[in-house]
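The file query.txt comes next; it holds compact mmCIF, C-alpha atoms.
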```txt
# COMPACT_ATOMS: atom_id res chain seq x y z
CA MET A 1 0.00 0.00 0.00
CA LYS A 2 2.83 2.40 0.90
CA LEU A 3 4.55 1.67 -2.39
CA ARG A 4 1.40 2.36 -4.36
CA ASN A 5 0.91 5.64 -2.46
CA ALA A 6 4.51 6.67 -3.15
CA LEU A 7 4.22 5.96 -6.85
CA LEU A 8 0.91 7.82 -6.97
CA VAL A 9 2.46 10.87 -5.31
CA ALA A 10 5.49 10.76 -7.64
CA SER A 11 3.24 10.48 -10.69
CA THR A 12 1.14 13.41 -9.51
CA LEU A 13 4.18 15.57 -8.90
CA ALA A 14 5.51 14.86 -12.38
CA ALA A 15 2.20 15.32 -14.23
CA PRO A 16 2.59 17.69 -17.20
CA ALA A 17 1.01 21.11 -17.14
CA VAL A 18 0.52 23.75 -19.78
CA ALA A 19 2.88 26.63 -19.06
CA PHE A 20 5.85 28.43 -20.44
CA ALA A 21 9.28 27.40 -19.15
CA GLN A 22 11.54 30.01 -17.65
CA PRO A 23 14.76 28.36 -18.76
CA VAL A 24 17.88 27.62 -16.72
CA THR A 25 20.66 27.32 -19.27
CA GLY A 26 23.92 25.53 -18.61
CA PRO A 27 25.39 24.03 -15.42
CA TYR A 28 24.15 24.79 -11.93
CA VAL A 29 24.64 23.66 -8.33
CA SER A 30 22.19 23.53 -5.44
CA LEU A 31 22.22 22.93 -1.68
CA GLY A 32 19.36 22.38 0.73
CA VAL A 33 18.51 21.43 4.32
CA GLY A 34 15.24 20.51 5.93
CA ALA A 35 13.18 17.99 7.84
CA THR A 36 12.34 14.39 6.97
CA TYR A 37 9.76 11.94 8.22
CA LEU A 38 10.28 8.18 7.75
CA ASP A 39 7.02 6.30 7.63
CA ASP A 40 6.66 3.40 10.09
CA GLN A 41 8.44 0.27 8.79
CA LYS A 42 6.74 -3.09 9.30
CA LEU A 43 8.95 -5.92 10.56
CA ASN A 44 8.24 -8.95 8.38
CA SER A 45 10.80 -11.16 10.16
CA ILE A 46 13.55 -11.24 12.78
CA THR A 47 16.03 -14.14 12.80
CA TYR A 48 19.10 -15.11 14.81
CA PRO A 49 20.94 -17.47 12.43
CA ASP A 50 23.61 -18.49 14.95
CA LEU A 51 20.95 -19.55 17.46
CA GLY A 52 18.60 -21.13 14.92
CA VAL A 53 15.76 -18.86 16.09
CA GLY A 54 13.40 -16.88 13.86
CA TYR A 55 10.16 -14.97 14.14
CA TYR A 56 7.98 -14.40 11.08
CA GLY A 57 4.65 -12.80 10.24
CA ALA A 58 2.57 -9.85 11.36
CA GLY A 59 3.32 -10.26 15.05
CA ASN A 60 6.76 -8.72 14.78
CA GLY A 61 5.48 -5.14 14.96
CA HIS A 62 7.03 -2.00 13.48
CA ILE A 63 10.10 0.21 13.52
CA LYS A 64 9.12 3.78 14.37
CA THR A 65 11.16 7.00 14.20
CA ASP A 66 10.86 10.73 14.88
CA THR A 67 11.09 13.53 12.32
CA ASP A 68 14.70 14.61 11.90
CA ILE A 69 17.00 16.31 9.37
CA ILE A 70 17.99 15.98 5.72
CA GLY A 71 20.88 17.53 3.81
CA SER A 72 20.84 17.63 0.03
CA ALA A 73 23.20 18.67 -2.79
CA ALA A 74 22.92 18.51 -6.57
CA VAL A 75 24.87 19.30 -9.71
CA GLY A 76 22.76 19.77 -12.81
CA TYR A 77 22.42 21.18 -16.30
CA GLY A 78 19.59 23.27 -17.73
CA LEU A 79 18.73 22.66 -21.37
CA GLY A 80 17.34 26.16 -21.88
CA ASN A 81 13.78 24.99 -22.57
CA GLY A 82 12.59 24.45 -18.99
CA ILE A 83 14.02 20.93 -18.66
CA ARG A 84 16.83 20.26 -16.16
CA VAL A 85 18.80 17.08 -15.47
CA GLU A 86 20.77 16.69 -12.23
CA ILE A 87 22.70 14.28 -10.03
CA ASN A 88 21.41 14.55 -6.47
CA GLY A 89 22.86 13.21 -3.22
CA ASN A 90 20.97 13.20 0.11
CA TYR A 91 21.78 12.34 3.71
CA LEU A 92 18.78 11.62 5.98
CA THR A 93 18.66 10.70 9.66
CA ASN A 94 15.72 9.78 11.91
CA LYS A 95 15.79 9.06 15.63
CA LEU A 96 14.68 5.54 16.51
CA THR A 97 11.79 5.55 19.02
CA SER A 98 10.30 2.03 18.88
CA PHE A 99 11.47 -1.41 17.73
CA SER A 100 8.92 -4.23 17.63
CA GLY A 101 6.90 -2.62 20.41
CA LEU A 102 9.92 -1.89 22.63
CA SER A 103 11.13 1.57 23.56
CA ALA A 104 14.19 2.22 21.41
CA GLY A 105 17.00 4.70 20.82
CA GLY A 106 19.77 5.38 18.32
CA GLN A 107 19.12 6.52 14.80
CA GLU A 108 18.25 5.26 11.36
CA GLU A 109 20.33 6.79 8.54
CA GLN A 110 19.90 6.89 4.77
CA TYR A 111 22.39 7.66 2.01
CA GLN A 112 20.62 8.41 -1.27
CA GLY A 113 21.83 9.08 -4.81
CA PHE A 114 19.42 10.02 -7.61
CA VAL A 115 19.37 11.13 -11.21
CA ASN A 116 16.53 13.68 -11.39
CA VAL A 117 14.69 15.13 -14.37
CA LEU A 118 12.86 18.38 -13.62
CA TYR A 119 10.73 20.91 -15.46
CA ASP A 120 10.43 24.63 -14.67
CA PHE A 121 7.24 26.64 -15.24
CA ASP A 122 7.40 30.28 -16.29
CA LEU A 123 4.86 32.51 -14.55
CA THR A 124 5.89 35.66 -16.41
CA PRO A 125 2.66 35.68 -18.48
CA TYR A 126 0.77 35.78 -15.17
CA GLY A 127 2.71 38.74 -13.77
CA LEU A 128 5.11 36.69 -11.59
CA PRO A 129 8.43 36.78 -13.48
CA GLY A 130 10.60 36.04 -10.43
CA ILE A 131 8.77 32.91 -9.23
CA THR A 132 9.36 29.57 -10.95
CA PRO A 133 7.52 26.43 -9.80
CA TYR A 134 8.97 23.09 -10.87
CA VAL A 135 8.27 19.36 -10.72
CA GLY A 136 10.55 16.40 -11.10
CA VAL A 137 11.11 12.68 -10.71
CA GLY A 138 14.25 10.78 -9.81
CA ALA A 139 15.58 7.24 -9.80
CA GLY A 140 18.65 5.90 -8.03
CA TYR A 141 20.05 4.22 -4.95
CA ASP A 142 19.22 4.26 -1.23
CA GLN A 143 21.19 2.61 1.56
CA LEU A 144 19.50 2.52 4.94
CA GLN A 145 21.21 1.54 8.22
CA PHE A 146 20.89 1.72 11.99
CA GLN A 147 23.56 3.37 14.13
CA ASN A 148 23.75 2.35 17.82
CA GLY A 149 20.18 1.14 17.81
CA HIS A 150 18.98 -0.22 21.12
CA ALA A 151 15.76 -1.23 22.81
CA SER A 152 14.68 -1.95 26.36
CA GLY A 153 12.03 -4.14 27.90
CA TYR A 154 13.12 -7.43 26.35
CA SER A 155 14.03 -10.51 28.45
CA GLY A 156 12.56 -9.33 31.70
CA GLY A 157 13.37 -5.66 31.20
CA ALA A 158 17.06 -6.06 30.37
CA PRO A 159 18.33 -3.86 27.53
CA ILE A 160 19.18 -5.22 24.10
CA PHE A 161 21.41 -3.64 21.42
CA ILE A 162 21.51 -3.77 17.63
CA ARG A 163 24.59 -1.89 16.45
CA GLU A 164 25.80 -0.71 13.05
CA THR A 165 23.15 -2.59 11.17
CA ASN A 166 23.01 -1.92 7.43
CA THR A 167 21.60 -3.06 4.11
CA GLN A 168 23.40 -3.56 0.84
CA GLY A 169 21.42 -0.68 -0.72
CA ASP A 170 18.45 -0.86 -3.04
CA PHE A 171 16.79 0.87 -5.96
CA ALA A 172 14.83 3.98 -4.92
CA ALA A 173 12.62 6.58 -6.60
CA GLN A 174 11.49 10.07 -5.65
CA GLY A 175 9.03 12.76 -6.72
CA ILE A 176 9.77 16.47 -6.34
CA LEU A 177 7.55 19.55 -6.16
CA GLY A 178 9.24 22.91 -5.62
CA VAL A 179 9.34 26.61 -6.30
CA ALA A 180 12.31 28.91 -6.94
CA TYR A 181 12.49 32.63 -6.28
CA ASN A 182 15.05 34.43 -8.44
CA ILE A 183 17.29 36.98 -6.71
CA ALA A 184 17.34 39.86 -9.17
CA ALA A 185 20.47 41.46 -7.65
CA ILE A 186 22.57 38.32 -8.33
CA PRO A 187 21.88 36.83 -11.78
CA GLY A 188 21.63 33.04 -11.61
CA LEU A 189 20.94 32.84 -7.84
CA ALA A 190 17.59 31.54 -6.62
CA LEU A 191 16.06 30.54 -3.28
CA THR A 192 14.22 27.22 -3.38
CA VAL A 193 11.54 25.46 -1.33
CA GLU A 194 10.83 21.79 -2.05
CA GLY A 195 8.66 18.92 -0.98
CA ARG A 196 9.81 15.38 -1.78
CA VAL A 197 8.58 11.83 -1.45
CA SER A 198 11.15 9.02 -1.78
CA ALA A 199 10.58 5.28 -1.63
CA ILE A 200 12.45 1.99 -1.64
CA PRO A 201 9.87 -0.22 -3.35
CA GLN A 202 11.23 -3.64 -2.36
CA ASP A 203 12.12 -5.63 0.78
CA GLU A 204 15.14 -4.47 2.76
CA ASN A 205 17.25 -7.03 4.57
CA PHE A 206 19.22 -5.77 7.58
CA HIS A 207 22.22 -7.56 9.05
CA GLY A 208 23.83 -6.69 12.35
CA GLN A 209 24.89 -7.75 15.80
CA PHE A 210 22.54 -8.41 18.69
CA PHE A 211 23.59 -7.92 22.28
CA ALA A 212 21.59 -8.92 25.39
CA PRO A 213 22.63 -10.04 28.88
CA GLY A 214 24.83 -13.07 28.29
CA VAL A 215 24.12 -13.10 24.53
CA ALA A 216 26.10 -11.75 21.54
CA THR A 217 25.01 -13.03 18.19
CA ARG A 218 24.14 -12.12 14.63
CA VAL A 219 20.65 -10.75 13.88
CA ASP A 220 18.81 -10.36 10.59
CA PHE A 221 15.47 -8.69 10.02
CA ARG A 222 13.45 -7.59 7.00
CA VAL A 223 11.02 -4.74 6.22
CA PRO A 224 8.91 -4.69 3.01
CA ASP A 225 9.62 -1.09 1.89
CA SER A 226 10.48 2.42 3.13
CA LEU A 227 8.79 5.75 2.48
CA ASN A 228 10.19 9.21 3.31
CA TYR A 229 8.48 12.62 3.27
CA THR A 230 10.82 15.60 3.29
CA GLY A 231 10.69 19.38 3.13
CA LEU A 232 13.71 21.45 2.07
CA VAL A 233 14.82 25.05 1.79
CA GLY A 234 17.93 25.88 -0.19
CA ILE A 235 19.75 27.86 -2.84
CA ARG A 236 20.49 27.20 -6.49
CA TYR A 237 23.11 28.96 -8.57
CA ALA A 238 23.38 28.80 -12.37
CA LEU A 239 27.11 29.05 -13.08
CA PHE A 240 26.91 30.79 -16.43
CA SER A 241 23.63 32.60 -16.20
CA PRO A 242 23.14 35.02 -19.09
CA ALA A 243 23.20 38.69 -18.20
CA PRO A 244 19.77 40.21 -17.67
CA PRO A 245 18.32 41.79 -20.80
CA PRO A 246 19.02 45.49 -21.21
CA PRO A 247 16.24 47.81 -20.16
CA PRO A 248 13.85 48.69 -22.93
CA PRO A 249 14.83 51.79 -24.87
CA ALA A 250 13.35 55.00 -23.64
CA ALA A 251 10.11 55.80 -25.32
CA ALA A 252 10.53 58.14 -28.22
CA PRO A 253 9.34 61.61 -27.33
CA VAL A 254 5.83 62.27 -28.43
CA PRO A 255 6.04 64.66 -31.34
CA VAL A 256 4.59 68.01 -30.46
CA ALA A 257 2.28 69.32 -33.06
CA ALA A 258 3.68 72.41 -34.73
CA PRO A 259 1.77 75.49 -33.72
CA ALA A 260 -0.61 76.81 -36.27
CA PRO A 261 1.08 79.45 -38.38
CA GLU A 262 0.40 82.95 -37.17
CA PRO A 263 -1.85 84.88 -39.51
CA ALA A 264 -0.05 87.24 -41.85
CA ARG A 265 0.43 90.80 -40.71
CA THR A 266 0.55 92.38 -44.18
CA TYR A 267 -2.16 92.02 -46.84
CA LEU A 268 -2.11 93.44 -50.39
CA VAL A 269 -5.25 94.59 -52.18
CA PHE A 270 -4.85 95.33 -55.94
CA PHE A 271 -6.92 97.73 -58.13
CA ASP A 272 -7.70 98.18 -61.77
CA TRP A 273 -6.12 101.09 -63.61
CA ASP A 274 -7.44 104.47 -62.51
CA ARG A 275 -9.99 102.79 -60.19
CA ALA A 276 -10.56 102.95 -56.41
CA ASP A 277 -13.49 100.52 -56.07
CA LEU A 278 -12.95 96.99 -54.72
CA SER A 279 -13.21 93.86 -56.80
CA ALA A 280 -14.68 90.64 -55.38
CA ARG A 281 -11.19 89.26 -54.83
CA ALA A 282 -10.13 92.47 -53.11
CA ARG A 283 -13.06 92.19 -50.67
CA GLN A 284 -11.97 88.61 -49.79
CA ILE A 285 -8.48 89.82 -48.92
CA VAL A 286 -9.86 92.68 -46.79
CA ALA A 287 -12.10 90.16 -44.96
CA GLN A 288 -9.05 87.97 -44.25
CA ALA A 289 -7.21 90.93 -42.77
CA ALA A 290 -10.20 91.83 -40.63
CA GLN A 291 -10.46 88.25 -39.34
CA ALA A 292 -6.71 88.06 -38.63
CA SER A 293 -6.87 91.24 -36.55
CA THR A 294 -8.98 89.31 -34.02
CA HIS A 295 -6.32 86.51 -33.60
CA VAL A 296 -3.05 88.41 -33.40
CA GLN A 297 -1.99 91.04 -30.94
CA THR A 298 -2.80 94.26 -32.77
CA THR A 299 -2.63 97.83 -31.50
CA ARG A 300 -3.40 99.56 -34.81
CA ILE A 301 -4.06 98.81 -38.47
CA GLU A 302 -2.31 100.86 -41.14
CA VAL A 303 -3.94 101.17 -44.56
CA ASN A 304 -1.54 102.62 -47.13
CA GLY A 305 -2.59 103.41 -50.72
CA TYR A 306 -0.34 103.45 -53.84
CA THR A 307 -0.60 103.97 -57.63
CA ASP A 308 1.48 103.07 -60.64
CA LEU A 309 3.62 105.67 -62.45
CA SER A 310 1.11 106.53 -65.14
CA GLY A 311 -0.65 109.91 -64.77
CA THR A 312 0.45 113.00 -62.89
CA ALA A 313 1.89 112.85 -59.38
CA ALA A 314 -0.87 115.13 -57.99
CA TYR A 315 -3.61 112.97 -59.46
CA ASN A 316 -1.93 109.79 -58.26
CA GLN A 317 -1.69 111.17 -54.71
CA LYS A 318 -5.44 111.72 -54.56
CA LEU A 319 -6.15 108.34 -56.16
CA SER A 320 -4.01 106.54 -53.54
CA VAL A 321 -5.99 108.18 -50.74
CA ARG A 322 -9.32 107.13 -52.32
CA ARG A 323 -8.07 103.59 -52.59
CA ALA A 324 -7.05 103.59 -48.88
CA GLN A 325 -10.47 104.99 -47.93
CA SER A 326 -12.25 102.21 -49.87
CA VAL A 327 -10.30 99.57 -47.96
CA GLU A 328 -10.94 101.33 -44.64
CA ALA A 329 -14.68 101.36 -45.28
CA GLU A 330 -14.62 97.63 -46.13
CA LEU A 331 -12.69 96.82 -42.91
CA VAL A 332 -15.29 98.67 -40.86
CA ARG A 333 -18.05 96.70 -42.63
CA ASP A 334 -16.15 93.53 -41.68
CA GLY A 335 -16.23 94.45 -37.98
CA VAL A 336 -13.01 96.38 -37.40
CA SER A 337 -13.35 99.49 -35.23
CA GLN A 338 -12.60 102.63 -37.24
CA GLY A 339 -10.60 103.95 -34.29
CA GLU A 340 -8.04 101.23 -34.85
CA ILE A 341 -7.42 102.20 -38.48
CA SER A 342 -5.09 104.89 -39.82
CA ILE A 343 -4.94 105.59 -43.58
CA HIS A 344 -2.25 107.13 -45.75
CA GLY A 345 -1.89 107.90 -49.47
CA TYR A 346 1.61 107.69 -50.93
CA GLY A 347 0.76 108.21 -54.57
CA GLU A 348 3.25 106.81 -57.04
CA SER A 349 6.10 106.61 -54.47
CA ASN A 350 7.50 103.28 -53.23
CA PRO A 351 6.47 101.18 -56.26
CA LEU A 352 6.38 97.44 -55.61
CA VAL A 353 7.87 96.92 -59.10
CA PRO A 354 10.18 99.74 -60.23
CA THR A 355 9.19 101.03 -63.71
CA ALA A 356 9.73 103.97 -65.95
CA LYS A 357 7.39 106.94 -65.74
CA GLY A 358 4.09 106.33 -67.52
CA VAL A 359 4.15 102.50 -67.24
CA ARG A 360 0.88 100.93 -66.09
CA GLU A 361 2.18 98.23 -63.67
CA PRO A 362 -0.72 96.29 -62.02
CA GLN A 363 1.28 95.34 -58.87
CA ASN A 364 1.95 99.01 -58.11
CA ARG A 365 -1.81 99.82 -58.02
CA ARG A 366 -2.33 98.55 -54.49
CA VAL A 367 -3.27 99.12 -50.85
CA GLU A 368 -1.18 97.58 -48.08
CA ILE A 369 -3.05 96.55 -44.89
CA ILE A 370 -0.49 96.25 -42.06
CA LEU A 371 -1.45 94.83 -38.65
CA LYS A 372 0.75 96.41 -35.92
```

Here is a file; write its structure as structure tokens.
Amino acid sequence: MKLRNALLVASTLAAPAVAFAQPVTGPYVSLGVGATYLDDQKLNSITYPDLGVGYYGAGNGHIKTDTDIIGSAAVGYGLGNGIRVEINGNYLTNKLTSFSGLSAGGQEEQYQGFVNVLYDFDLTPYGLPGITPYVGVGAGYDQLQFQNGHASGYSGGAPIFIRETNTQGDFAAQGILGVAYNIAAIPGLALTVEGRVSAIPQDENFHGQFFAPGVATRVDFRVPDSLNYTGLVGIRYALFSPAPPPPPPAAAPVPVAAPAPEPARTYLVFFDWDRADLSARARQIVAQAAQASTHVQTTRIEVNGYTDLSGTAAYNQKLSVRRAQSVEAELVRDGVSQGEISIHGYGESNPLVPTAKGVREPQNRRVEIILK
């Protein structure tokens, strides 16, 4: 029954799960210490070959122990895909409390060697990048022996002794369930917590020396199997752990939208030859200037009239003033306060396109609206 339970536990621990492996790559070492509990061992037989005496069957009771300590060490290699393979050695000791119904002392020791196969689970997709659960199974060798075992209450209360009793060692198996916590400050270093179940699934034959008052002889006894439950805390160090990835590049600065261009501060309104009335296009330009005056800081609006170099200078002076007055009136109609506007007529001076006297140049027949 104990063997079936042990195999069931080991199978459960090693059951596959859907997850992403957080890989350990390359060689690593680990150390751990903890507590171990050895399940009660049934005595199938006790024999004294030199005396020709033997006791067989269920009446021979059990060997019972207290929880005690375990030390563990391993050297392994991570394949980089979540799978690890390691060689693991353990030393376990349990204090002997009862032998075949008699109060007992001494200790029962185990020396174990396993080849373990383990699988790590990556919890990064679940927001736990530093925590890595793992499961594993192992197969190997277990030697179990008694050191200075003794019992009292036999043969009228006299003490008996069974010293340095050992087995030849047997096949053993173990299941492992653990979790590692990565130490970010030291790449490759992790703290570990493990639970293990190990079993020797066949009979164990012990051979030793029996001492009682007036008796010193050989003693043999047999138990059907052994089952250990252990808990460990430890450290694991990956020898050539890759350097942590560099931090992500700083986010590119969010481009700032270019400010909308400031409305123009100078607008040109052109006139037909010898005319001071506004064309449809001229009214559009005056409306733009009036609208712009509401969006830019403006203290005054200058309206300056000009003519080309055809005609007399006196006539052109008057014509430039009429042109400026036409634009002023249109600005007022478009909502500009007349108090903000100052007009000037400059006649044929300051031509936009220099020409000879008498040339009718369209670009010189203009009014300049200047927002100041």

_Which of A:Phe271, A:Tyr119, A:Tyr306, A:Tyr229 sits closest to A:Pro133 [using only C-alpha atoms]_ =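 Looking at the shortest contact to A:Pro133, the residue is A:Tyr119.
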
*Write out as a list in words which residues come within 8 Å of stretch 366-372 of chain A when counting all atoms listed in the file, dropping same-chain ones fewer than 2 positions away.*
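Surrounding residues, per the criterion: Arg265, Thr266, Tyr267, Leu268, Val269, Phe270, Phe271, Ala289, Ser293, Gln297, Thr298, Thr299, Arg300, Ile301, Glu302, Val303, Asn304, Gly305, Tyr306, Thr307, Ser320, Arg323, Ala324, Val327, Gln363 and Asn364 of chain A.
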
*Fewer than 6 positions away in the same chain doesn't count, so skip those; otherwise give me all residues within 9 Å of A:Lys95, counting only C-alpha atoms, as number ranges by chain.*
A: 64-68, 105-109

*Work out how far apart atom CA of A:Leu319 and atom CA of A:Leu352 are and give it in Å to one decimal.*
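Calculated distance between atom CA of A:Leu319 and atom CA of A:Leu352 is 16.6 Å.
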
*Write out as a list of chain:residue names which residues come within 6 Å of A:Ala139 when counting all atoms listed in the file, dropping same-chain ones fewer than 5 positions away.*
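Near neighbours after the sequence-gap exclusion: A:Phe114, A:Val115, A:Ala172, A:Ala173.
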
*Rounded to one decimal place, report the atom CA of A:Thr230-atom CA of A:Ser30 distance in Å.*
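Separating atom CA of A:Thr230 from atom CA of A:Ser30 is a distance of 16.4 Å.
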
*asked:* Could you tell me how far atom CA of A:Thr36 sits from atom CA of A:Asp220, in Å to one decimal place?
replied: 25.8 Å

*Would you please work out which residue, of A:Ile83, A:Ile63, A:Val359, A:Ala35, is nearest to A:Glu194 when using only C-alpha atoms?*
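The closest residue to A:Glu194 is A:Ala35.
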
_Nearest-residue call for A:His207, choices A:Gln174, A:Ser342, A:Gln145, A:Asn94, using all atoms listed in the file_ =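 Checking each candidate against A:His207, we get A:Gln145 as the closest.
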
Closest contacts (stretch 46-148 of chain A/stretch 176-179 of chain A, max 6 Å, all atoms listed in the file) as a Markdown table:
```
| residue | atom | partner | partner_atom | distance |
| --- | --- | --- | --- | --- |
| A:Thr132 | CA | A:Val179 | CA | 5.5 |
| A:Pro133 | CA | A:Val179 | CA | 3.9 |
| A:Tyr134 | CA | A:Gly178 | CA | 5.3 |
| A:Val135 | CA | A:Leu177 | CA | 4.6 |
| A:Gly136 | CA | A:Ile176 | CA | 4.8 |
| A:Val137 | CA | A:Ile176 | CA | 5.9 |
```
